[in-house]
Amino acid sequence: MIKVEATNGSKYEAHIEFITKEDWENEVQSLKQALEDHDDDDDDGGNDDCLDRDGKLSALYGEEWKEKSTHSLMDNKYFRDIPEFLKPKIKILESDSAEGLSEEFVRYTRSESNETEEVKRWYWPLVKCVTVKVPDNDFLDHVTLVDLPGNGDSNRSRDQMWTELIASCSTVWIVTEMTRAASEKEAWEVLEDASSLLGNGGECQQIHFICTKSDHEKPDDINKVKKAVKNEFKKRKTITNHFSEDSFQVFTVSTKEFLKGENSLRET
């Protein structure tokens with residue numbers, strides 16, 4: 001998960017917090033066992049889950065994990081470039097620009113890169129949280145943005161942080177495409193699963209449903225989508241038990257309108 005907040009300093013910073021080595025060992029054992037169980041199962045279901053598990057292990061170990069025991073995969077040689085993981089300690093990266101910082105911490109957040117240099121190890125499976133600190137940003141002086149996985153995390157420490165963070169959020173944004181906003185199963189499941197944490201003693205006061213890709217939609221169609229989303233909200237008793245209709249709002253995002261606003265700012 002990623003947090004974005006302001007800093008009083010002049011540089012862009014990324015503070016990377018890792019899970020413990022013990023947690024990672026337990027997770028590796030669980031991932032390997034799940035993949036072995038799937039190999040023994042004739043059912044073809046769950047392939048996406050298998051790809052996720054394989055991808056997580058391959059990101060750090062390449063193909064080596066397939067031939068080695070969990071104990072062998074805990075050898076410190078795999079973590080030589082990140083001594084902070086072994087201590088444990090927060091790793092801090094700094095850069096004079098947002099682009100420069102992004103290039104530095106990409107291996108801690110995902111497995112793809114536009115860099116020409118091949119990255120041998122990706123460390124995102126070991127990361128608990130990345131906090132990005134941005135200088136000279138008036139907006140972030142007043143808010144902290146948090147990008148959370150939709151339904152928690154299989155890792156114990158990351159899931160605990162997910163629970164704590166989502167309960168402390170004052171506003172939650174659910175972002176989905178305009179064309180399937182009302183019928184987006186995962187988006188509504190996220191809200192239902194988290195509604196008790198958000199509303200039952202949590203800090204959340206507002207739920208905002210953000211519909212993207214509205215540029216090519218007609219105004220009447222946009223209004224229909226908004227109405228459909230609000231009607232779907234009313235049907236979800238698990239959510240409405242904790243939140244009133246006044247707490248729920250639907251917004252649309254338009255690239256054209258955003259760029260128009262940027263141009264007007266430049267002109268002034």
# chains A, B, ... in the order shown; residues from 1 in each chain; ligands from 1
call {"tool": "select_by_dssp", "arguments": {"residues": "region 59-234 of chain A", "states": "strand (DSSP E)", "output": "ChimeraX atom specification"}}
result
/A:91-95,127-135,145-147,171-177,206-212
call {"tool": "write_last_selection", "arguments": {"atoms": "C-alpha atoms", "output": "compact mmCIF listing (two decimals), in the first residue's frame"}}
result
# COMPACT_ATOMS: atom_id res chain seq x y z
CA LYS A 91 14.56 2.43 4.06
CA ILE A 92 14.61 6.05 2.88
CA LEU A 93 15.10 7.09 -0.75
CA GLU A 94 15.53 10.71 -1.84
CA SER A 95 15.49 12.58 -5.13
CA VAL A 127 7.05 -4.23 1.45
CA LYS A 128 4.47 -3.41 4.07
CA CYS A 129 3.97 0.23 3.13
CA VAL A 130 5.59 2.98 1.05
CA THR A 131 5.10 6.57 2.22
CA VAL A 132 5.88 9.11 -0.49
CA LYS A 133 6.64 12.61 0.83
CA VAL A 134 6.13 15.50 -1.60
CA PRO A 135 7.56 19.02 -1.12
CA LEU A 145 -3.78 10.04 0.21
CA VAL A 146 -3.71 6.28 0.77
CA ASP A 147 -3.89 3.67 -1.99
CA THR A 171 -13.20 9.86 3.13
CA VAL A 172 -13.06 6.74 0.96
CA TRP A 173 -12.92 6.88 -2.83
CA ILE A 174 -13.99 3.87 -4.88
CA VAL A 175 -12.65 4.33 -8.42
CA THR A 176 -14.15 2.41 -11.34
CA GLU A 177 -14.93 2.88 -15.03
CA GLN A 206 -18.03 10.27 3.25
CA ILE A 207 -17.93 7.61 0.53
CA HIS A 208 -17.20 8.95 -2.94
CA PHE A 209 -17.79 6.76 -5.98
CA ILE A 210 -15.47 8.06 -8.72
CA CYS A 211 -16.48 7.13 -12.29
CA THR A 212 -13.62 7.42 -14.79
call {"tool": "closest_residue", "arguments": {"among": "A:Phe139, A:Phe79, A:Trp122, A:Phe233", "to": "Glu184 (chain A)", "atoms": "only C-alpha atoms"}}
result
A:Phe233
call {"tool": "select_by_dssp", "arguments": {"residues": "region 21-178 of chain A", "states": "helix (DSSP H, G or I)", "output": "PyMOL selection string"}}
result
chain A and resi 21-39+47-61+64-66+72-74+76-79+83-86+98-108+124-126+139-141+156-168+178
call {"tool": "write_last_selection", "arguments": {"atoms": "C-alpha atoms", "output": "PDB file, in the first residue's frame"}}
result
ATOM      1  CA  LYS A  21      11.513 -11.834   7.957  1.00  0.00           C
ATOM      2  CA  GLU A  22       9.416 -14.199  10.058  1.00  0.00           C
ATOM      3  CA  ASP A  23       6.240 -13.018   8.328  1.00  0.00           C
ATOM      4  CA  TRP A  24       7.876 -13.443   4.928  1.00  0.00           C
ATOM      5  CA  GLU A  25       8.996 -16.981   5.768  1.00  0.00           C
ATOM      6  CA  ASN A  26       5.449 -17.880   6.782  1.00  0.00           C
ATOM      7  CA  GLU A  27       4.091 -16.307   3.605  1.00  0.00           C
ATOM      8  CA  VAL A  28       6.573 -18.148   1.369  1.00  0.00           C
ATOM      9  CA  GLN A  29       5.632 -21.435   3.004  1.00  0.00           C
ATOM     10  CA  SER A  30       1.946 -20.667   2.498  1.00  0.00           C
ATOM     11  CA  LEU A  31       2.443 -19.642  -1.145  1.00  0.00           C
ATOM     12  CA  LYS A  32       4.474 -22.741  -1.976  1.00  0.00           C
ATOM     13  CA  GLN A  33       1.957 -25.011  -0.273  1.00  0.00           C
ATOM     14  CA  ALA A  34      -0.968 -23.422  -2.132  1.00  0.00           C
ATOM     15  CA  LEU A  35       0.807 -23.896  -5.466  1.00  0.00           C
ATOM     16  CA  GLU A  36       1.622 -27.526  -4.656  1.00  0.00           C
ATOM     17  CA  ASP A  37      -1.987 -28.170  -3.668  1.00  0.00           C
ATOM     18  CA  HIS A  38      -3.159 -26.679  -6.959  1.00  0.00           C
ATOM     19  CA  ASP A  39      -0.779 -28.918  -8.921  1.00  0.00           C
ATOM     20  CA  ASN A  47      -5.563 -19.970 -12.203  1.00  0.00           C
ATOM     21  CA  ASP A  48      -5.454 -16.234 -11.527  1.00  0.00           C
ATOM     22  CA  ASP A  49      -4.621 -16.912  -7.884  1.00  0.00           C
ATOM     23  CA  CYS A  50      -1.845 -19.264  -8.940  1.00  0.00           C
ATOM     24  CA  LEU A  51      -0.381 -16.657 -11.263  1.00  0.00           C
ATOM     25  CA  ASP A  52      -0.413 -14.139  -8.415  1.00  0.00           C
ATOM     26  CA  ARG A  53       1.393 -16.548  -6.082  1.00  0.00           C
ATOM     27  CA  ASP A  54       3.909 -17.534  -8.741  1.00  0.00           C
ATOM     28  CA  GLY A  55       4.481 -13.880  -9.614  1.00  0.00           C
ATOM     29  CA  LYS A  56       5.127 -12.913  -6.012  1.00  0.00           C
ATOM     30  CA  LEU A  57       7.769 -15.610  -5.522  1.00  0.00           C
ATOM     31  CA  SER A  58       9.340 -15.103  -8.952  1.00  0.00           C
ATOM     32  CA  ALA A  59       9.646 -11.344  -8.395  1.00  0.00           C
ATOM     33  CA  LEU A  60      12.193 -11.893  -5.649  1.00  0.00           C
ATOM     34  CA  TYR A  61      13.685 -15.292  -6.457  1.00  0.00           C
ATOM     35  CA  GLU A  64      15.051 -20.499  -7.907  1.00  0.00           C
ATOM     36  CA  TRP A  65      12.087 -20.812  -5.546  1.00  0.00           C
ATOM     37  CA  LYS A  66      10.822 -23.842  -7.472  1.00  0.00           C
ATOM     38  CA  SER A  72      16.900 -22.023   1.866  1.00  0.00           C
ATOM     39  CA  LEU A  73      14.953 -19.094   0.445  1.00  0.00           C
ATOM     40  CA  MET A  74      15.499 -17.217   3.706  1.00  0.00           C
ATOM     41  CA  ASN A  76      20.493 -13.488   3.605  1.00  0.00           C
ATOM     42  CA  LYS A  77      22.038 -13.411   0.118  1.00  0.00           C
ATOM     43  CA  TYR A  78      18.577 -12.739  -1.308  1.00  0.00           C
ATOM     44  CA  PHE A  79      18.274  -9.596   0.802  1.00  0.00           C
ATOM     45  CA  PRO A  83      19.763  -4.617   4.810  1.00  0.00           C
ATOM     46  CA  GLU A  84      16.845  -2.615   6.227  1.00  0.00           C
ATOM     47  CA  PHE A  85      14.646  -5.694   5.753  1.00  0.00           C
ATOM     48  CA  LEU A  86      16.889  -7.787   8.006  1.00  0.00           C
ATOM     49  CA  ALA A  98       9.257  13.095  -8.676  1.00  0.00           C
ATOM     50  CA  GLU A  99      10.474  11.258 -11.785  1.00  0.00           C
ATOM     51  CA  GLY A 100      13.821  10.477 -10.192  1.00  0.00           C
ATOM     52  CA  LEU A 101      12.201   9.133  -7.043  1.00  0.00           C
ATOM     53  CA  SER A 102       9.793   7.009  -9.080  1.00  0.00           C
ATOM     54  CA  GLU A 103      12.705   5.356 -10.874  1.00  0.00           C
ATOM     55  CA  GLU A 104      14.350   4.566  -7.542  1.00  0.00           C
ATOM     56  CA  PHE A 105      11.415   3.008  -5.738  1.00  0.00           C
ATOM     57  CA  VAL A 106       9.734   1.237  -8.671  1.00  0.00           C
ATOM     58  CA  ARG A 107      11.180  -2.133  -7.629  1.00  0.00           C
ATOM     59  CA  TYR A 108       9.509  -1.733  -4.225  1.00  0.00           C
ATOM     60  CA  TRP A 124       7.597  -5.339  -3.537  1.00  0.00           C
ATOM     61  CA  PRO A 125       6.561  -8.695  -1.976  1.00  0.00           C
ATOM     62  CA  LEU A 126       8.542  -7.706   1.136  1.00  0.00           C
ATOM     63  CA  PHE A 139      -3.108  20.193  -1.338  1.00  0.00           C
ATOM     64  CA  LEU A 140      -1.123  17.587   0.596  1.00  0.00           C
ATOM     65  CA  ASP A 141      -0.672  19.996   3.502  1.00  0.00           C
ATOM     66  CA  ARG A 156      -0.787 -10.704   8.537  1.00  0.00           C
ATOM     67  CA  SER A 157       1.137  -7.465   9.136  1.00  0.00           C
ATOM     68  CA  ARG A 158      -0.017  -5.849   5.885  1.00  0.00           C
ATOM     69  CA  ASP A 159      -3.618  -6.820   6.605  1.00  0.00           C
ATOM     70  CA  GLN A 160      -3.379  -5.337  10.098  1.00  0.00           C
ATOM     71  CA  MET A 161      -2.094  -2.078   8.618  1.00  0.00           C
ATOM     72  CA  TRP A 162      -4.914  -2.174   6.029  1.00  0.00           C
ATOM     73  CA  THR A 163      -7.473  -2.507   8.815  1.00  0.00           C
ATOM     74  CA  GLU A 164      -5.969   0.334  10.844  1.00  0.00           C
ATOM     75  CA  LEU A 165      -5.631   2.685   7.884  1.00  0.00           C
ATOM     76  CA  ILE A 166      -9.077   2.138   6.424  1.00  0.00           C
ATOM     77  CA  ALA A 167     -10.655   2.705   9.831  1.00  0.00           C
ATOM     78  CA  SER A 168      -8.821   6.038  10.123  1.00  0.00           C
ATOM     79  CA  MET A 178     -18.045   4.791 -16.066  1.00  0.00           C
TER      80      MET A 178
END
call {"tool": "atom_distance", "arguments": {"atom1": "CA of Thr20 (chain A)", "atom2": "CA of Lys3 (chain A)"}}
result
19.7 Å
call {"tool": "residues_around", "arguments": {"residues": "Glu192 (chain A)", "least_positions_apart": "6", "cutoff": "8 Å", "atoms": "only C-alpha atoms", "output": "list in words"}}
result
Arg236, Thr238 and Ile239 of chain A
